[in-house]
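The file my_file-v5.txt contains compact mmCIF, C-alpha atoms and all ligand atoms:
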# COMPACT_ATOMS: atom_id res chain seq x y z
CA MET A 1 -3.72 3.16 -27.13
CA PHE A 2 -3.01 0.92 -24.14
CA VAL A 3 -2.51 2.73 -20.83
CA TYR A 4 -1.57 0.93 -17.63
CA ALA A 5 -2.68 3.24 -14.82
CA ASP A 6 -2.96 0.75 -11.97
CA ASN A 7 0.52 0.83 -10.46
CA ALA A 8 -0.88 0.70 -6.92
CA ALA A 9 -2.22 -2.78 -7.75
CA THR A 10 1.03 -4.02 -9.23
CA THR A 11 3.89 -2.95 -11.48
CA SER A 12 5.92 -4.51 -14.27
CA VAL A 13 9.33 -5.98 -13.42
CA SER A 14 12.09 -3.49 -14.30
CA LYS A 15 14.92 -4.49 -16.59
CA THR A 16 17.37 -3.96 -13.74
CA ALA A 17 15.43 -6.32 -11.47
CA LEU A 18 15.00 -8.92 -14.21
CA ASP A 19 18.69 -8.86 -15.15
CA ALA A 20 19.65 -9.20 -11.49
CA MET A 21 17.38 -12.18 -10.84
CA LEU A 22 17.83 -14.26 -14.00
CA PRO A 23 21.16 -15.90 -13.06
CA TYR A 24 19.53 -17.25 -9.87
CA LEU A 25 16.88 -19.01 -11.93
CA THR A 26 19.40 -20.48 -14.35
CA GLU A 27 23.10 -21.08 -13.66
CA ASN A 28 23.15 -20.18 -9.93
CA TYR A 29 20.21 -22.32 -8.84
CA GLY A 30 21.79 -23.68 -5.65
CA ASN A 31 19.89 -23.84 -2.35
CA PRO A 32 21.35 -21.25 0.06
CA SER A 33 21.24 -23.85 2.85
CA SER A 34 23.56 -26.26 1.02
CA LEU A 35 27.17 -26.38 2.11
CA TYR A 36 29.06 -26.85 -1.18
CA SER A 37 30.63 -23.86 -2.82
CA PHE A 38 28.25 -23.91 -5.81
CA ALA A 39 25.37 -22.95 -3.48
CA GLN A 40 27.45 -20.22 -1.88
CA LYS A 41 26.60 -17.94 -4.81
CA ALA A 42 22.96 -18.11 -3.81
CA THR A 43 23.80 -17.69 -0.12
CA GLU A 44 25.89 -14.65 -0.89
CA ALA A 45 23.25 -13.17 -3.16
CA VAL A 46 20.63 -13.35 -0.40
CA ALA A 47 23.09 -11.83 2.10
CA GLN A 48 23.92 -9.05 -0.35
CA ALA A 49 20.20 -8.40 -0.98
CA ARG A 50 19.58 -8.25 2.76
CA ALA A 51 22.36 -5.69 3.16
CA THR A 52 21.01 -3.63 0.25
CA VAL A 53 17.46 -3.58 1.61
CA ALA A 54 18.76 -2.72 5.09
CA ALA A 55 20.73 0.20 3.67
CA CYS A 56 17.66 1.42 1.75
CA LEU A 57 15.65 1.61 5.00
CA ASN A 58 18.52 2.63 7.32
CA ALA A 59 18.16 -0.68 9.17
CA GLU A 60 20.65 -3.44 10.08
CA PRO A 61 20.82 -6.51 7.79
CA ARG A 62 19.78 -8.76 10.68
CA GLU A 63 16.58 -6.74 11.06
CA ILE A 64 15.44 -7.68 7.53
CA TYR A 65 13.26 -10.80 7.04
CA PHE A 66 12.24 -11.86 3.54
CA THR A 67 8.62 -12.98 3.19
CA SER A 68 6.20 -13.96 0.43
CA GLY A 69 4.92 -10.39 0.18
CA GLY A 70 3.29 -7.50 1.96
CA SER A 71 0.36 -9.53 3.29
CA GLU A 72 2.59 -12.04 5.03
CA ALA A 73 4.75 -9.29 6.52
CA ASP A 74 1.64 -7.52 7.86
CA ASN A 75 0.30 -10.76 9.35
CA GLN A 76 3.60 -11.65 11.00
CA ALA A 77 4.18 -8.18 12.47
CA ILE A 78 0.71 -7.88 13.96
CA ILE A 79 0.42 -11.43 15.25
CA SER A 80 3.91 -11.23 16.78
CA ALA A 81 3.17 -8.02 18.68
CA ALA A 82 -0.23 -9.32 19.77
CA LYS A 83 1.22 -12.55 21.18
CA ALA A 84 4.10 -10.74 22.87
CA GLY A 85 1.64 -8.28 24.41
CA ALA A 86 -0.67 -11.04 25.63
CA ARG A 87 2.20 -12.61 27.56
CA LYS A 88 2.32 -9.37 29.59
CA GLY A 89 -1.46 -9.16 29.90
CA LYS A 90 -1.73 -6.52 27.14
CA LYS A 91 -4.40 -7.35 24.59
CA HIS A 92 -5.38 -4.00 23.07
CA LEU A 93 -4.46 -3.19 19.46
CA ILE A 94 -4.76 0.20 17.71
CA SER A 95 -5.09 0.72 13.97
CA THR A 96 -7.18 2.73 11.51
CA LYS A 97 -10.36 2.17 9.54
CA PHE A 98 -8.67 2.47 6.15
CA GLU A 99 -5.89 -0.10 6.41
CA HIS A 100 -5.31 -2.78 3.77
CA HIS A 101 -7.28 -5.98 4.33
CA ALA A 102 -4.05 -7.80 5.20
CA VAL A 103 -4.07 -5.67 8.36
CA LEU A 104 -7.82 -5.37 8.97
CA HIS A 105 -8.56 -9.07 8.56
CA THR A 106 -5.63 -10.04 10.80
CA LEU A 107 -7.00 -7.71 13.47
CA LYS A 108 -10.49 -9.19 12.99
CA LYS A 109 -9.08 -12.65 13.58
CA LEU A 110 -7.31 -11.51 16.74
CA GLU A 111 -10.51 -9.86 17.94
CA LYS A 112 -12.24 -13.25 17.71
CA GLU A 113 -9.39 -14.67 19.80
CA GLY A 114 -10.10 -12.20 22.61
CA TYR A 115 -8.05 -9.13 21.69
CA GLU A 116 -9.63 -5.68 21.73
CA VAL A 117 -9.16 -3.56 18.62
CA THR A 118 -9.57 0.22 18.30
CA LEU A 119 -9.85 1.43 14.69
CA LEU A 120 -9.21 5.16 14.40
CA ASP A 121 -11.05 7.55 12.07
CA VAL A 122 -9.00 9.07 9.29
CA HIS A 123 -11.06 12.24 8.83
CA GLU A 124 -12.22 13.68 5.53
CA ASP A 125 -8.69 14.36 4.33
CA GLY A 126 -7.57 10.75 4.81
CA VAL A 127 -5.00 11.62 7.46
CA VAL A 128 -4.83 10.15 10.96
CA ARG A 129 -4.49 12.69 13.75
CA LEU A 130 -1.71 12.25 16.29
CA GLU A 131 -4.05 13.30 19.10
CA ASP A 132 -6.49 10.53 18.11
CA VAL A 133 -3.67 8.00 18.44
CA ALA A 134 -2.67 9.48 21.80
CA ALA A 135 -6.27 9.36 23.07
CA ALA A 136 -6.65 5.69 22.06
CA ILE A 137 -3.51 4.48 23.87
CA ARG A 138 -4.19 2.50 27.05
CA GLU A 139 -2.16 0.77 29.74
CA ASP A 140 -2.81 -2.54 27.98
CA THR A 141 -2.05 -1.42 24.40
CA ALA A 142 0.20 -4.03 22.77
CA LEU A 143 0.59 -2.53 19.28
CA VAL A 144 -0.10 0.50 17.12
CA THR A 145 -0.24 -0.35 13.40
CA ILE A 146 -0.90 2.51 10.96
CA MET A 147 -0.17 2.46 7.26
CA PHE A 148 2.46 4.75 5.78
CA ALA A 149 0.55 5.61 2.59
CA ASN A 150 -2.96 4.51 1.73
CA ASN A 151 -3.29 2.26 -1.30
CA GLU A 152 -6.57 3.71 -2.56
CA ILE A 153 -6.28 7.45 -1.99
CA GLY A 154 -2.51 7.86 -1.60
CA THR A 155 -2.57 9.92 1.60
CA VAL A 156 0.55 9.80 3.77
CA GLN A 157 0.34 9.55 7.55
CA PRO A 158 2.45 11.38 10.19
CA ILE A 159 4.53 8.24 10.72
CA LYS A 160 7.53 9.84 12.46
CA GLU A 161 5.31 11.61 15.01
CA ILE A 162 3.20 8.50 15.68
CA GLY A 163 6.41 6.50 16.05
CA ALA A 164 7.80 9.01 18.56
CA LEU A 165 4.59 8.87 20.58
CA CYS A 166 4.62 5.06 20.65
CA ARG A 167 8.28 4.98 21.64
CA GLU A 168 7.61 7.40 24.50
CA LYS A 169 4.81 5.11 25.71
CA GLY A 170 6.86 1.92 25.16
CA ILE A 171 4.39 0.51 22.63
CA PRO A 172 5.60 -1.34 19.50
CA PHE A 173 4.77 0.54 16.28
CA HIS A 174 4.24 -1.22 12.94
CA THR A 175 3.59 0.46 9.60
CA ASP A 176 2.41 -1.09 6.33
CA ALA A 177 4.73 0.82 4.01
CA VAL A 178 3.85 -1.16 0.87
CA GLN A 179 2.65 1.93 -1.02
CA ALA A 180 5.47 4.14 0.22
CA ALA A 181 8.55 1.99 -0.38
CA GLY A 182 10.40 3.06 -3.50
CA HIS A 183 8.20 6.14 -3.85
CA MET A 184 9.06 8.14 -0.73
CA PRO A 185 12.10 8.23 1.57
CA ILE A 186 11.86 5.78 4.48
CA ASP A 187 14.24 5.82 7.43
CA VAL A 188 13.20 3.40 10.16
CA LYS A 189 15.53 4.96 12.73
CA GLU A 190 14.64 8.57 12.09
CA MET A 191 10.92 7.69 11.86
CA ASN A 192 10.84 5.64 15.09
CA ILE A 193 9.51 2.53 13.32
CA ASP A 194 9.72 -0.84 15.09
CA MET A 195 8.26 -3.00 12.34
CA LEU A 196 7.54 -2.27 8.69
CA SER A 197 6.14 -4.22 5.72
CA ILE A 198 7.02 -3.81 2.06
CA SER A 199 6.16 -5.72 -1.10
CA GLY A 200 8.38 -6.10 -4.17
CA HIS A 201 5.70 -6.03 -6.84
CA LYS A 202 4.66 -2.48 -5.96
CA PHE A 203 8.08 -1.14 -7.03
CA HIS A 204 9.01 -3.18 -10.12
CA ALA A 205 10.16 -6.45 -8.52
CA PRO A 206 8.16 -9.65 -9.13
CA LYS A 207 5.06 -10.70 -7.21
CA GLY A 208 5.46 -13.07 -4.28
CA VAL A 209 8.34 -11.47 -2.39
CA GLY A 210 8.31 -8.92 0.40
CA VAL A 211 10.13 -7.78 3.49
CA LEU A 212 9.35 -7.53 7.16
CA TYR A 213 11.69 -5.15 8.94
CA ALA A 214 11.68 -5.86 12.68
CA LYS A 215 13.91 -3.83 14.97
CA LYS A 216 16.35 -5.98 16.89
CA ASN A 217 14.86 -7.41 20.07
CA MET A 218 11.31 -7.22 18.67
CA PRO A 219 9.87 -10.64 19.45
CA LEU A 220 8.76 -12.43 16.26
CA PHE A 221 6.26 -15.28 16.11
CA ASN A 222 6.69 -17.75 13.24
CA LEU A 223 3.85 -18.04 10.76
CA ILE A 224 5.70 -20.79 8.88
CA GLU A 225 7.64 -23.47 10.71
CA GLY A 226 10.44 -25.27 8.91
CA GLY A 227 14.16 -24.84 8.51
CA ALA A 228 16.32 -22.20 10.12
CA GLN A 229 16.00 -19.72 7.25
CA GLU A 230 15.52 -16.03 8.05
CA ARG A 231 17.23 -16.43 11.44
CA GLY A 232 14.72 -19.13 12.35
CA ARG A 233 11.77 -16.78 11.94
CA ARG A 234 10.43 -18.07 8.62
CA GLY A 235 10.92 -21.64 7.42
CA GLY A 236 11.17 -22.50 3.73
CA THR A 237 13.85 -22.33 1.05
CA GLU A 238 14.48 -18.70 0.15
CA ASN A 239 12.95 -17.24 -3.03
CA VAL A 240 16.49 -16.37 -4.08
CA ALA A 241 15.71 -14.85 -7.48
CA GLY A 242 12.77 -12.86 -6.07
CA ILE A 243 14.85 -11.60 -3.15
CA VAL A 244 17.67 -10.50 -5.45
CA ALA A 245 15.15 -8.74 -7.72
CA LEU A 246 13.45 -7.00 -4.78
CA ALA A 247 16.75 -5.58 -3.55
CA ALA A 248 17.74 -4.45 -7.06
CA ALA A 249 14.33 -2.85 -7.71
CA LEU A 250 14.21 -1.11 -4.34
CA LYS A 251 17.67 0.34 -4.80
CA GLU A 252 16.82 1.40 -8.35
CA SER A 253 13.60 3.12 -7.21
CA ILE A 254 15.42 4.95 -4.45
CA ASP A 255 18.35 5.97 -6.67
CA ASN A 256 15.86 7.39 -9.21
CA MET A 257 13.28 8.68 -6.74
CA GLU A 258 13.84 12.36 -7.40
CA ALA A 259 13.75 11.99 -11.17
CA ASN A 260 10.73 9.67 -11.04
CA THR A 261 8.82 12.02 -8.76
CA ALA A 262 9.64 14.98 -11.00
CA LYS A 263 8.23 13.01 -13.93
CA ILE A 264 5.11 11.70 -12.18
CA ILE A 265 3.91 14.86 -10.38
CA PRO A 266 3.11 16.90 -13.53
CA MET A 267 1.19 13.92 -14.96
CA ARG A 268 -0.76 13.48 -11.74
CA ASP A 269 -1.48 17.20 -11.44
CA LYS A 270 -2.75 17.32 -15.01
CA LEU A 271 -5.10 14.42 -14.28
CA PHE A 272 -6.43 16.17 -11.18
CA ALA A 273 -6.79 19.50 -12.95
CA GLU A 274 -8.55 18.15 -16.04
CA LEU A 275 -10.76 15.50 -14.43
CA SER A 276 -11.88 18.00 -11.76
CA LYS A 277 -13.55 19.94 -14.57
CA ILE A 278 -16.15 17.17 -14.77
CA PRO A 279 -19.18 18.59 -12.94
CA HIS A 280 -20.14 16.96 -9.63
CA SER A 281 -16.77 15.30 -9.20
CA LYS A 282 -14.62 15.19 -6.10
CA ILE A 283 -10.96 14.53 -5.31
CA ASN A 284 -10.54 12.06 -2.44
CA GLY A 285 -7.81 12.56 0.14
CA SER A 286 -5.59 15.52 1.00
CA LEU A 287 -3.14 16.47 -1.74
CA GLU A 288 -0.84 18.02 0.84
CA HIS A 289 0.21 14.67 2.30
CA HIS A 290 0.31 12.40 -0.74
CA VAL A 291 2.39 9.80 -2.58
CA PRO A 292 3.32 11.04 -6.05
CA GLY A 293 1.29 8.78 -8.35
CA THR A 294 -2.15 8.09 -6.88
CA VAL A 295 -5.26 9.89 -8.10
CA ASN A 296 -8.63 9.02 -6.55
CA MET A 297 -11.85 10.77 -7.54
CA CYS A 298 -15.59 10.25 -7.31
CA PHE A 299 -18.12 11.11 -10.02
CA GLU A 300 -21.70 11.44 -8.87
CA GLY A 301 -24.46 9.42 -10.48
CA ILE A 302 -22.36 6.57 -11.89
CA GLU A 303 -21.10 3.15 -10.80
CA GLY A 304 -17.33 2.78 -10.55
CA GLU A 305 -17.49 -0.74 -11.99
CA SER A 306 -19.26 0.42 -15.16
CA LEU A 307 -16.69 3.17 -15.52
CA LEU A 308 -13.85 0.64 -15.26
CA LEU A 309 -15.37 -1.64 -17.89
CA MET A 310 -15.73 1.25 -20.31
CA LEU A 311 -12.21 2.45 -19.62
CA ASP A 312 -11.00 -1.09 -20.32
CA MET A 313 -12.77 -0.95 -23.69
CA ASN A 314 -10.73 2.19 -24.34
CA GLY A 315 -7.45 0.50 -23.41
CA ILE A 316 -7.15 2.01 -19.93
CA CYS A 317 -6.37 -0.16 -16.89
CA ALA A 318 -7.62 1.52 -13.74
CA SER A 319 -9.29 0.56 -10.48
CA SER A 320 -12.22 1.68 -8.39
CA GLY A 321 -10.11 1.35 -5.27
CA SER A 322 -9.50 -1.88 -3.46
CA ALA A 323 -9.03 -4.85 -5.78
CA CYS A 324 -10.51 -7.23 -3.23
CA THR A 325 -14.16 -6.20 -3.27
CA SER A 326 -15.13 -7.86 -6.54
CA GLY A 327 -18.33 -9.82 -6.11
CA SER A 328 -19.52 -7.55 -3.35
CA LEU A 329 -21.69 -4.49 -3.86
CA ASP A 330 -20.18 -2.63 -0.95
CA PRO A 331 -18.23 0.48 -1.85
CA SER A 332 -14.62 0.82 -0.77
CA HIS A 333 -14.12 0.75 3.01
CA VAL A 334 -11.45 3.41 2.53
CA LEU A 335 -13.83 5.90 0.92
CA LEU A 336 -16.48 5.19 3.54
CA SER A 337 -13.87 5.84 6.25
CA LEU A 338 -13.50 9.37 4.84
CA GLY A 339 -17.18 9.89 5.57
CA LEU A 340 -18.32 9.77 1.94
CA PRO A 341 -21.95 8.71 1.49
CA HIS A 342 -22.44 5.26 -0.11
CA GLU A 343 -23.93 6.77 -3.29
CA VAL A 344 -20.86 8.94 -3.83
CA ALA A 345 -18.32 6.27 -2.85
CA HIS A 346 -19.81 3.92 -5.47
CA GLY A 347 -18.70 6.23 -8.26
CA SER A 348 -14.98 6.07 -7.53
CA LEU A 349 -11.98 5.86 -9.84
CA ARG A 350 -8.37 5.24 -8.85
CA LEU A 351 -5.65 5.99 -11.38
CA SER A 352 -2.17 5.15 -10.13
CA ILE A 353 0.61 6.23 -12.41
CA GLY A 354 4.31 5.51 -12.40
CA GLU A 355 7.51 6.58 -14.08
CA TYR A 356 6.81 4.36 -17.08
CA ASN A 357 3.69 6.35 -17.99
CA THR A 358 3.88 9.18 -20.54
CA MET A 359 2.09 12.50 -20.96
CA GLU A 360 0.49 11.10 -24.16
CA GLU A 361 -1.11 8.39 -22.05
CA ILE A 362 -2.34 10.96 -19.56
CA ASP A 363 -3.87 12.92 -22.44
CA HIS A 364 -5.66 9.76 -23.59
CA ILE A 365 -7.13 9.27 -20.10
CA ILE A 366 -8.19 12.92 -20.00
CA GLU A 367 -9.91 12.53 -23.35
CA VAL A 368 -11.71 9.28 -22.48
CA VAL A 369 -12.84 9.69 -18.85
CA PRO A 370 -15.14 12.75 -19.29
CA LYS A 371 -16.84 11.14 -22.31
CA VAL A 372 -17.40 7.87 -20.47
CA VAL A 373 -18.70 9.62 -17.36
CA GLN A 374 -21.14 11.59 -19.52
CA TYR A 375 -22.23 8.45 -21.38
CA LEU A 376 -22.90 6.58 -18.13
CA ARG A 377 -24.72 9.53 -16.61
CA ASN A 378 -26.99 9.70 -19.65
CA MET A 379 -28.06 6.11 -18.97
CA SER A 380 -28.32 6.50 -15.20
CA PRO A 381 -31.76 6.82 -13.56
CA VAL A 382 -30.02 8.28 -10.50
CA TRP A 383 -28.41 10.99 -12.59
CA ASP A 384 -31.78 11.73 -14.17
CA GLU A 385 -33.29 12.30 -10.71
CA LEU A 386 -30.35 14.47 -9.71
CA GLU A 387 -30.69 16.58 -12.83
CA LYS A 388 -34.45 16.98 -12.35
CA GLY A 389 -33.86 18.10 -8.78
CA GLN A 390 -35.74 15.09 -7.41
CA ARG A 391 -32.79 14.31 -5.19
CA PRO A 392 -30.04 16.65 -4.01
CA HIS A 393 -26.52 16.59 -5.42
CA LEU A 394 -24.13 15.41 -2.72
CA ILE A 395 -20.98 16.63 -4.47
C1 LIG A 401 -0.49 -4.52 -2.14
C2 LIG A 401 -0.58 -4.17 -0.72
C3 LIG A 401 -0.42 -5.15 0.29
C4 LIG A 401 -0.26 -6.60 -0.03
O1 LIG A 401 0.99 -6.92 -0.57
P1 LIG A 401 1.16 -8.33 -1.32
O2 LIG A 401 2.61 -8.41 -1.61
O3 LIG A 401 0.34 -8.23 -2.56
O4 LIG A 401 0.70 -9.39 -0.38
C5 LIG A 401 -0.48 -4.75 1.60
N1 LIG A 401 -0.67 -3.47 1.92
C6 LIG A 401 -0.81 -2.50 1.00
C7 LIG A 401 -1.00 -1.09 1.44
C8 LIG A 401 -0.79 -2.81 -0.35
O5 LIG A 401 -0.95 -1.86 -1.26
Would you give me this structure, written as structure tokens?
Amino acid sequence: MFVYADNAATTSVSKTALDAMLPYLTENYGNPSSLYSFAQKATEAVAQARATVAACLNAEPREIYFTSGGSEADNQAIISAAKAGARKGKKHLISTKFEHHAVLHTLKKLEKEGYEVTLLDVHEDGVVRLEDVAAAIREDTALVTIMFANNEIGTVQPIKEIGALCREKGIPFHTDAVQAAGHMPIDVKEMNIDMLSISGHKFHAPKGVGVLYAKKNMPLFNLIEGGAQERGRRGGTENVAGIVALAAALKESIDNMEANTAKIIPMRDKLFAELSKIPHSKINGSLEHHVPGTVNMCFEGIEGESLLLMLDMNGICASSGSACTSGSLDPSHVLLSLGLPHEVAHGSLRLSIGEYNTMEEIDHIIEVVPKVVQYLRNMSPVWDELEKGQRPHLI
């Protein structure tokens, strides 16, 4: 049996998105910047997609900028706010320790350029506290950027409250909503969001297309100079087919959100319930504030990478957390930010399920994971020491 349980890494393109995009790869291949009527079909398709995405987020079409993905949107939002702040002598940026690397590495770069960065703790439950944000705000704070839902553990942050606080203090607020879009309701007005990033391939559109929402009057700095596309804020011929697919997939996800959630939650809960029966295991992140499909657990005495390889041999695609740490022996920065010891964080497993998964697939995972964990523990010198009482169990 083949089971794809890594939907937080990427998703398949839905039939709706594929059908919507195909004509813009074939018969309607015009460049939206061309003046003849043939190209107008492409121009109109991009305009329609912009209106659709805006409606999905309760934004205005002119506040929607298409990008190459979530990473670019994160970079542009943060760099724009940093540069705008610097012009007013404000060079302090606030974020959290468990952001995606698209955010953390952008902040690192700005730090080297003379900005000051405060990274907030996320506590054991993986939730940022409003009072921690309030305490970090200074006279010279130029931006608060806090993710909507975490990509490794699925915890959801108090975005509306953080947004309200930032608005009260007159500080721009950005959120990386890549893991939330299409899975949870997002309303940029109601949630006091000034800038927001989303990525098509996390909700059944193709890879390589995303959106930066920037509230009108938010100053934007160009990462890519070129033509006057995207209201002069991002040069380059539009990825017309990708943009059309993103809008179709986002609308489809939102239209079906209730049904999808109702399908995913019982599968996720069964995974949590059954895999928690494995001794010396731990669920990571609060289940109270959580996206529907993400399951993250640690199993003591094993290496997450070995677990993944053995799951792969059993047809299961999963992750140990961040996909970017291959080649490094460091455990996930997200799990460390929860205060987990290195030894425990090393034994992590992320299963992210979507509406295309079935209960039969969940049953296959539930059958395989305990056996594999046991097999790896039997070979593990660390587990041997734990069992003999030569070192204490941490979970
Ligand atoms: C996937 C992801 C990104 C990056 O999006 P890309 O479109 O792959 O560049 C950024 N942030 C989060 C939280 C993600 O999960």
*Option closest in space to Glu190 of chain A, from A:Ile146, A:Ala77, A:Ala59, A:Ala135 [counting all atoms listed in the file]*: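 Under the stated criterion, the closest residue is A:Ala59.
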Please write out, as JSON, where the centre of an axis-aligned box around all listed atoms of ligand LIG 401 (chain A) lies and how long its edges are, in Å to one decimal, after adding 8 Å on each side.
{"center_x": 0.8, "center_y": -5.2, "center_z": -0.3, "size_x": 19.6, "size_y": 24.3, "size_z": 20.5}
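Residue neighbourhood of Ser380 of chain A, excluding near-sequence residues (fewer than 6 positions): A:Gly301, A:Ile302, A:Glu303, A:Gln374, A:Leu386, at 10 Å, using all atoms listed in the file.
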*atom CA of Thr358 of chain A to atom CA of Gly208 of chain A, distance in Å rounded to a single decimal*: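 Here the two named atoms are 27.6 Å from each other.
Straight-line separation from atom CA of Gly304 of chain A to atom CA of Pro381 of chain A: 15.3 Å.
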*A:Val244, A:Gly89, A:Met313, A:Gly236: which is nearest Asn28 of chain A, counting only C-alpha atoms?*
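Checking each candidate against Asn28 of chain A, we get A:Val244 as the closest.
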Within 8 Å of (-1.5, 1.9, 5.5) in the file's own coordinates, which protein, DNA or RNA residues have an atom, counting all atoms listed in the file? List them as a PDB file with C-alpha atoms, in the coordinates of the input.
ATOM      1  CA  PHE A  98      -8.670   2.470   6.150  1.00  0.00           C
ATOM      2  CA  GLU A  99      -5.890  -0.100   6.410  1.00  0.00           C
ATOM      3  CA  HIS A 100      -5.310  -2.780   3.770  1.00  0.00           C
ATOM      4  CA  ILE A 146      -0.900   2.510  10.960  1.00  0.00           C
ATOM      5  CA  MET A 147      -0.170   2.460   7.260  1.00  0.00           C
ATOM      6  CA  PHE A 148       2.460   4.750   5.780  1.00  0.00           C
ATOM      7  CA  ALA A 149       0.550   5.610   2.590  1.00  0.00           C
ATOM      8  CA  ASN A 150      -2.960   4.510   1.730  1.00  0.00           C
ATOM      9  CA  ASN A 151      -3.290   2.260  -1.300  1.00  0.00           C
ATOM     10  CA  THR A 175       3.590   0.460   9.600  1.00  0.00           C
ATOM     11  CA  ASP A 176       2.410  -1.090   6.330  1.00  0.00           C
ATOM     12  CA  ALA A 177       4.730   0.820   4.010  1.00  0.00           C
ATOM     13  CA  VAL A 178       3.850  -1.160   0.870  1.00  0.00           C
ATOM     14  CA  GLN A 179       2.650   1.930  -1.020  1.00  0.00           C
TER      15      GLN A 179
END
*asked:* Could you tell me how far atom CA of Ile278 of chain A sits from atom CA of Glu300 of chain A, in Å to one decimal place?
replied: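 That distance, rounded to one decimal, is 9.9 Å.
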*Shortest interatomic distance to ligand LIG 401 (chain A) - which of A:Thr294, A:Ser253, A:Ser33, A:Asn284, counting all atoms listed in the file*: A:Thr294
*asked:* Just want the 12 Å neighbourhood of Lys109 of chain A, counted on only C-alpha atoms, with same-chain residues fewer than 5 positions away dropped. Output as a list of chain:residue names.
replied: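 Non-adjacent residues within range: A:Asn75, A:Ile78, A:Ile79, A:Ala82, A:His101, A:Ala102, A:Val103, A:Leu104, A:Gly114, A:Tyr115, A:Glu116, A:Val117.
Each of A:Tyr65, A:Phe203, A:Tyr375, A:Tyr36 was compared to ligand LIG 401 (chain A) using only C-alpha atoms and all ligand atoms, and A:Phe203 turns out to be the nearest.
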*Tell me, as a PyMOL selection string, which residues lie within 7 Å of segment 269-274 of chain A, counting only C-alpha atoms; anything in the same chain fewer than 4 positions away does not count.*
chain A and resi 265+362+366
Residue contacts of Val128 of chain A (12 Å, all atoms listed in the file) excluding same-chain residues fewer than 4 positions away, as a short mmCIF file (atom, residue, chain, number, x, y, z; two decimals) with C-alpha atoms, in the coordinates of the input:
data_model
loop_
_atom_site.label_atom_id
_atom_site.label_comp_id
_atom_site.auth_asym_id
_atom_site.auth_seq_id
_atom_site.Cartn_x
_atom_site.Cartn_y
_atom_site.Cartn_z
CA SER A 95 -5.09 0.72 13.97
CA THR A 96 -7.18 2.73 11.51
CA LYS A 97 -10.36 2.17 9.54
CA PHE A 98 -8.67 2.47 6.15
CA GLU A 99 -5.89 -0.10 6.41
CA LEU A 119 -9.85 1.43 14.69
CA LEU A 120 -9.21 5.16 14.40
CA ASP A 121 -11.05 7.55 12.07
CA VAL A 122 -9.00 9.07 9.29
CA HIS A 123 -11.06 12.24 8.83
CA GLU A 124 -12.22 13.68 5.53
CA ASP A 132 -6.49 10.53 18.11
CA VAL A 133 -3.67 8.00 18.44
CA ALA A 134 -2.67 9.48 21.80
CA THR A 145 -0.24 -0.35 13.40
CA ILE A 146 -0.90 2.51 10.96
CA MET A 147 -0.17 2.46 7.26
CA PHE A 148 2.46 4.75 5.78
CA ALA A 149 0.55 5.61 2.59
CA ASN A 150 -2.96 4.51 1.73
CA THR A 155 -2.57 9.92 1.60
CA VAL A 156 0.55 9.80 3.77
CA GLN A 157 0.34 9.55 7.55
CA PRO A 158 2.45 11.38 10.19
CA ILE A 159 4.53 8.24 10.72
CA GLU A 161 5.31 11.61 15.01
CA ILE A 162 3.20 8.50 15.68
CA GLY A 285 -7.81 12.56 0.14
CA SER A 286 -5.59 15.52 1.00
CA HIS A 289 0.21 14.67 2.30
CA SER A 337 -13.87 5.84 6.25
CA LEU A 338 -13.50 9.37 4.84
#
Save segment 308-324 of chain A to a file: C-alpha atoms, as a compact mmCIF listing (two decimals), in the first residue's frame.
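What ended up in selection.txt:
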# COMPACT_ATOMS: atom_id res chain seq x y z
CA LEU A 308 11.45 7.56 7.85
CA LEU A 309 13.57 5.17 5.79
CA MET A 310 11.74 2.18 7.21
CA LEU A 311 8.36 3.81 6.67
CA ASP A 312 9.40 4.46 3.07
CA MET A 313 10.14 0.75 2.69
CA ASN A 314 6.57 0.16 3.84
CA GLY A 315 5.14 2.61 1.29
CA ILE A 316 4.59 5.49 3.72
CA CYS A 317 5.77 9.03 2.89
CA ALA A 318 6.28 11.01 6.07
CA SER A 319 8.71 13.55 7.47
CA SER A 320 10.70 14.09 10.62
CA GLY A 321 9.75 17.75 10.59
CA SER A 322 11.48 20.36 8.53
CA ALA A 323 12.49 19.15 5.08
CA CYS A 324 15.49 21.46 5.00
